[in-house]
Amino acid sequence: MQFLHTMVRVSDLDASLRFYCDLLGLKEVRRKENEKGRFTLVFLAAPEDESRSAELKAPELELTWNWDPEAYTGGRSFGHLAYRVDDIYALCERLRQGGVTINRPPRDGHMAFVRSPDGISVELLQKGDALPSREPWASMENIGTW
Ligand SMILES: C[C@@H](O)C(=O)SC[C@H](NC(=O)CC[C@H](N)C(=O)O)C(=O)NCC(=O)O
Ligand code: NI
């Protein structure tokens with residue numbers, strides 16, 4: 001058995017691609033439009049996973065955009081998506097400047113939590129071998145609500 005992907009439903013595909021790709025850094029690897037079902041699937045991969053050979057089938061994030069608006073309620077049991085990052089401070093600063101809610105700033109240089117436009121929690125973990133470039137967050141209080 002092999003883990004393939006996590007699927008999240010998104011209410012605004014453009015806003016979600018801006019968050020997951022332009023700001024967070026994921027890469028779109030393919031998409032499927034379904035005229036009959038009236039939805040679009042967009043598969044995203046982290047850069048290091050995207051470069052893996054095809055037979056390894058890297059883990060992906062599947063964005064589902066239903067063309068007809070739906071209210072996505074519940075789902076409290078879903079926790080978060082987690083990514084290992086090269087420089088947690090630089091990434092959080094880019095996300096913050098892009099208007100993203102930083103729920104848990106990376107004050108310890110190790111872990112941060114941010115939210116997608118639909119409120120999906122994303123955990124960022126600093127790679128162990130790479131020291132964060134700077135610490136603009138050390139004195140900042142928690143931003144956003146937990
Ligand atoms: C391509 C493969 O990875 C899928 O997950 S397709 C699964 C399929 N998705 C849809 O029909 C998307 C539109 C639908 N309105 C929805 O919001 O799910 C599906 O069976 N989805 C049902 C589910 O519970 O995921
Ligand atoms: Ni799927």
# chains A, B, ... in the order shown; residues from 1 in each chain; ligands from 1

call {"tool": "residues_near_ligand", "arguments": {"ligand": "ligand 1", "cutoff": "9 Å", "atoms": "only C-alpha atoms and all ligand atoms", "output": "PyMOL selection string"}}
result
chain A and resi 4-9+32+34+37-41+43+62+64-67+70

call {"tool": "write_last_selection", "arguments": {"atoms": "N, CA and C atoms", "output": "mmCIF file, in the first residue's frame"}}
result
data_model
loop_
_atom_site.group_PDB
_atom_site.id
_atom_site.type_symbol
_atom_site.label_atom_id
_atom_site.label_comp_id
_atom_site.auth_asym_id
_atom_site.auth_seq_id
_atom_site.Cartn_x
_atom_site.Cartn_y
_atom_site.Cartn_z
ATOM 1 N N LEU A 4 -1.206 8.166 -1.534
ATOM 2 C CA LEU A 4 -1.207 8.844 -2.832
ATOM 3 C C LEU A 4 -1.462 10.352 -2.699
ATOM 4 N N HIS A 5 -2.591 10.712 -2.054
ATOM 5 C CA HIS A 5 -2.883 12.147 -1.968
ATOM 6 C C HIS A 5 -3.883 12.427 -0.866
ATOM 7 N N THR A 6 -3.979 13.696 -0.527
ATOM 8 C CA THR A 6 -5.032 14.209 0.348
ATOM 9 C C THR A 6 -5.896 15.124 -0.508
ATOM 10 N N MET A 7 -7.204 15.003 -0.396
ATOM 11 C CA MET A 7 -8.089 15.868 -1.185
ATOM 12 C C MET A 7 -8.763 16.884 -0.275
ATOM 13 N N VAL A 8 -8.719 18.151 -0.687
ATOM 14 C CA VAL A 8 -9.476 19.183 0.015
ATOM 15 C C VAL A 8 -10.361 19.893 -0.998
ATOM 16 N N ARG A 9 -11.598 20.201 -0.572
ATOM 17 C CA ARG A 9 -12.494 20.947 -1.427
ATOM 18 C C ARG A 9 -12.232 22.439 -1.218
ATOM 19 N N LYS A 32 -7.818 18.047 -14.033
ATOM 20 C CA LYS A 32 -8.871 17.354 -14.764
ATOM 21 C C LYS A 32 -10.148 18.175 -14.635
ATOM 22 N N ASN A 34 -14.157 18.228 -15.273
ATOM 23 C CA ASN A 34 -15.240 17.257 -15.475
ATOM 24 C C ASN A 34 -16.525 18.018 -15.764
ATOM 25 N N GLY A 37 -19.738 16.360 -14.261
ATOM 26 C CA GLY A 37 -19.835 16.495 -12.797
ATOM 27 C C GLY A 37 -19.733 17.941 -12.337
ATOM 28 N N ARG A 38 -19.347 18.807 -13.275
ATOM 29 C CA ARG A 38 -19.200 20.259 -12.980
ATOM 30 C C ARG A 38 -18.207 20.488 -11.861
ATOM 31 N N PHE A 39 -17.001 19.943 -12.054
ATOM 32 C CA PHE A 39 -15.930 20.184 -11.079
ATOM 33 C C PHE A 39 -14.566 20.097 -11.762
ATOM 34 N N THR A 40 -13.608 20.669 -11.067
ATOM 35 C CA THR A 40 -12.214 20.644 -11.534
ATOM 36 C C THR A 40 -11.336 20.049 -10.443
ATOM 37 N N LEU A 41 -10.451 19.173 -10.814
ATOM 38 C CA LEU A 41 -9.457 18.619 -9.881
ATOM 39 C C LEU A 41 -8.093 19.165 -10.278
ATOM 40 N N PHE A 43 -4.075 18.767 -9.130
ATOM 41 C CA PHE A 43 -3.131 18.027 -8.301
ATOM 42 C C PHE A 43 -1.846 18.837 -8.139
ATOM 43 N N GLU A 62 -4.747 17.072 -3.684
ATOM 44 C CA GLU A 62 -5.786 17.160 -4.720
ATOM 45 C C GLU A 62 -6.794 18.233 -4.328
ATOM 46 N N THR A 64 -10.196 19.998 -5.021
ATOM 47 C CA THR A 64 -11.462 19.784 -5.733
ATOM 48 C C THR A 64 -12.245 21.089 -5.720
ATOM 49 N N TRP A 65 -12.531 21.616 -6.900
ATOM 50 C CA TRP A 65 -13.339 22.833 -7.004
ATOM 51 C C TRP A 65 -14.645 22.477 -7.699
ATOM 52 N N ASN A 66 -15.723 22.554 -6.930
ATOM 53 C CA ASN A 66 -17.060 22.329 -7.489
ATOM 54 C C ASN A 66 -17.540 23.649 -8.085
ATOM 55 N N TRP A 67 -17.936 23.607 -9.353
ATOM 56 C CA TRP A 67 -18.294 24.845 -10.037
ATOM 57 C C TRP A 67 -19.509 25.508 -9.416
ATOM 58 N N GLU A 70 -20.843 25.436 -2.860
ATOM 59 C CA GLU A 70 -21.397 24.624 -1.777
ATOM 60 C C GLU A 70 -20.856 25.171 -0.445
#

call {"tool": "select_by_dssp", "arguments": {"residues": "range 25-107 of chain A", "states": "alpha helix (DSSP H)", "output": "PyMOL selection string"}}
result
chain A and resi 47-50+88-97

call {"tool": "write_last_selection", "arguments": {"atoms": "N, CA and C atoms", "output": "PDB file, in the first residue's frame"}}
result
ATOM      1  N   PRO A  47       7.905  20.789  -4.476  1.00  0.00           N
ATOM      2  CA  PRO A  47       8.984  20.729  -5.464  1.00  0.00           C
ATOM      3  C   PRO A  47       9.853  19.480  -5.335  1.00  0.00           C
ATOM      4  N   GLU A  48      10.247  19.116  -4.107  1.00  0.00           N
ATOM      5  CA  GLU A  48      11.120  17.934  -3.972  1.00  0.00           C
ATOM      6  C   GLU A  48      10.374  16.656  -4.356  1.00  0.00           C
ATOM      7  N   ASP A  49       9.082  16.623  -4.121  1.00  0.00           N
ATOM      8  CA  ASP A  49       8.316  15.422  -4.481  1.00  0.00           C
ATOM      9  C   ASP A  49       8.094  15.381  -5.994  1.00  0.00           C
ATOM     10  N   GLU A  50       7.895  16.564  -6.596  1.00  0.00           N
ATOM     11  CA  GLU A  50       7.599  16.612  -8.040  1.00  0.00           C
ATOM     12  C   GLU A  50       8.746  16.006  -8.839  1.00  0.00           C
ATOM     13  N   ILE A  88      11.922  28.327   7.351  1.00  0.00           N
ATOM     14  CA  ILE A  88      10.578  28.571   7.882  1.00  0.00           C
ATOM     15  C   ILE A  88      10.318  30.062   8.086  1.00  0.00           C
ATOM     16  N   TYR A  89      11.370  30.815   8.441  1.00  0.00           N
ATOM     17  CA  TYR A  89      11.149  32.255   8.670  1.00  0.00           C
ATOM     18  C   TYR A  89      10.883  32.975   7.348  1.00  0.00           C
ATOM     19  N   ALA A  90      11.700  32.661   6.338  1.00  0.00           N
ATOM     20  CA  ALA A  90      11.509  33.335   5.045  1.00  0.00           C
ATOM     21  C   ALA A  90      10.139  32.979   4.462  1.00  0.00           C
ATOM     22  N   LEU A  91       9.739  31.713   4.585  1.00  0.00           N
ATOM     23  CA  LEU A  91       8.450  31.294   4.023  1.00  0.00           C
ATOM     24  C   LEU A  91       7.288  31.960   4.755  1.00  0.00           C
ATOM     25  N   CYS A  92       7.374  32.013   6.085  1.00  0.00           N
ATOM     26  CA  CYS A  92       6.283  32.644   6.852  1.00  0.00           C
ATOM     27  C   CYS A  92       6.204  34.141   6.549  1.00  0.00           C
ATOM     28  N   GLU A  93       7.342  34.752   6.326  1.00  0.00           N
ATOM     29  CA  GLU A  93       7.322  36.186   5.989  1.00  0.00           C
ATOM     30  C   GLU A  93       6.660  36.391   4.636  1.00  0.00           C
ATOM     31  N   ARG A  94       6.971  35.505   3.672  1.00  0.00           N
ATOM     32  CA  ARG A  94       6.347  35.611   2.339  1.00  0.00           C
ATOM     33  C   ARG A  94       4.841  35.389   2.446  1.00  0.00           C
ATOM     34  N   LEU A  95       4.451  34.410   3.242  1.00  0.00           N
ATOM     35  CA  LEU A  95       3.016  34.137   3.416  1.00  0.00           C
ATOM     36  C   LEU A  95       2.336  35.321   4.085  1.00  0.00           C
ATOM     37  N   ARG A  96       2.976  35.867   5.132  1.00  0.00           N
ATOM     38  CA  ARG A  96       2.374  36.993   5.853  1.00  0.00           C
ATOM     39  C   ARG A  96       2.197  38.185   4.931  1.00  0.00           C
ATOM     40  N   GLN A  97       3.231  38.464   4.128  1.00  0.00           N
ATOM     41  CA  GLN A  97       3.129  39.602   3.214  1.00  0.00           C
ATOM     42  C   GLN A  97       2.081  39.345   2.131  1.00  0.00           C
TER      43      GLN A  97
END

call {"tool": "closest_residue", "arguments": {"among": "A:Leu61, A:Leu17, A:Leu125, A:Ala46", "to": "Asp86 in chain A", "atoms": "only C-alpha atoms"}}
result
A:Leu125

call {"tool": "closest_residue", "arguments": {"among": "A:Ile120, A:Val42, A:Leu26, A:Ala82", "to": "ligand 2", "atoms": "only C-alpha atoms and all ligand atoms"}}
result
A:Val42

call {"tool": "closest_residue", "arguments": {"among": "A:Val100, A:Phe78, A:Lys27, A:Leu44", "to": "ligand 2", "atoms": "only C-alpha atoms and all ligand atoms"}}
result
A:Leu44

call {"tool": "residues_around", "arguments": {"residues": "Ser16 in chain A", "least_positions_apart": "4", "cutoff": "9 Å", "atoms": "only C-alpha atoms", "output": "PyMOL selection string"}}
result
chain A and resi 10-12+20-21+63+116-118

call {"tool": "write_last_selection", "arguments": {"atoms": "C-alpha atoms", "output": "PDB file, in the first residue's frame"}}
result
ATOM      1  CA  VAL A  10     -11.865  24.630  -2.210  1.00  0.00           C
ATOM      2  CA  SER A  11     -14.449  27.387  -2.601  1.00  0.00           C
ATOM      3  CA  ASP A  12     -12.266  29.629  -4.782  1.00  0.00           C
ATOM      4  CA  TYR A  20      -0.813  26.797  -2.301  1.00  0.00           C
ATOM      5  CA  CYS A  21       1.356  27.599  -5.362  1.00  0.00           C
ATOM      6  CA  LEU A  63      -7.831  20.368  -4.837  1.00  0.00           C
ATOM      7  CA  SER A 116      -5.549  28.282   3.536  1.00  0.00           C
ATOM      8  CA  PRO A 117      -8.298  30.569   2.197  1.00  0.00           C
ATOM      9  CA  ASP A 118     -10.791  27.843   3.223  1.00  0.00           C
TER      10      ASP A 118
END

call {"tool": "closest_residue", "arguments": {"among": "A:Arg31, A:Arg18, A:His110, A:Arg76", "to": "ligand 2", "atoms": "only C-alpha atoms and all ligand atoms"}}
result
A:Arg31

call {"tool": "closest_residue", "arguments": {"among": "A:Gly25, A:Pro59, A:Gly79, A:Gly99", "to": "ligand 2", "atoms": "only C-alpha atoms and all ligand atoms"}}
result
A:Pro59
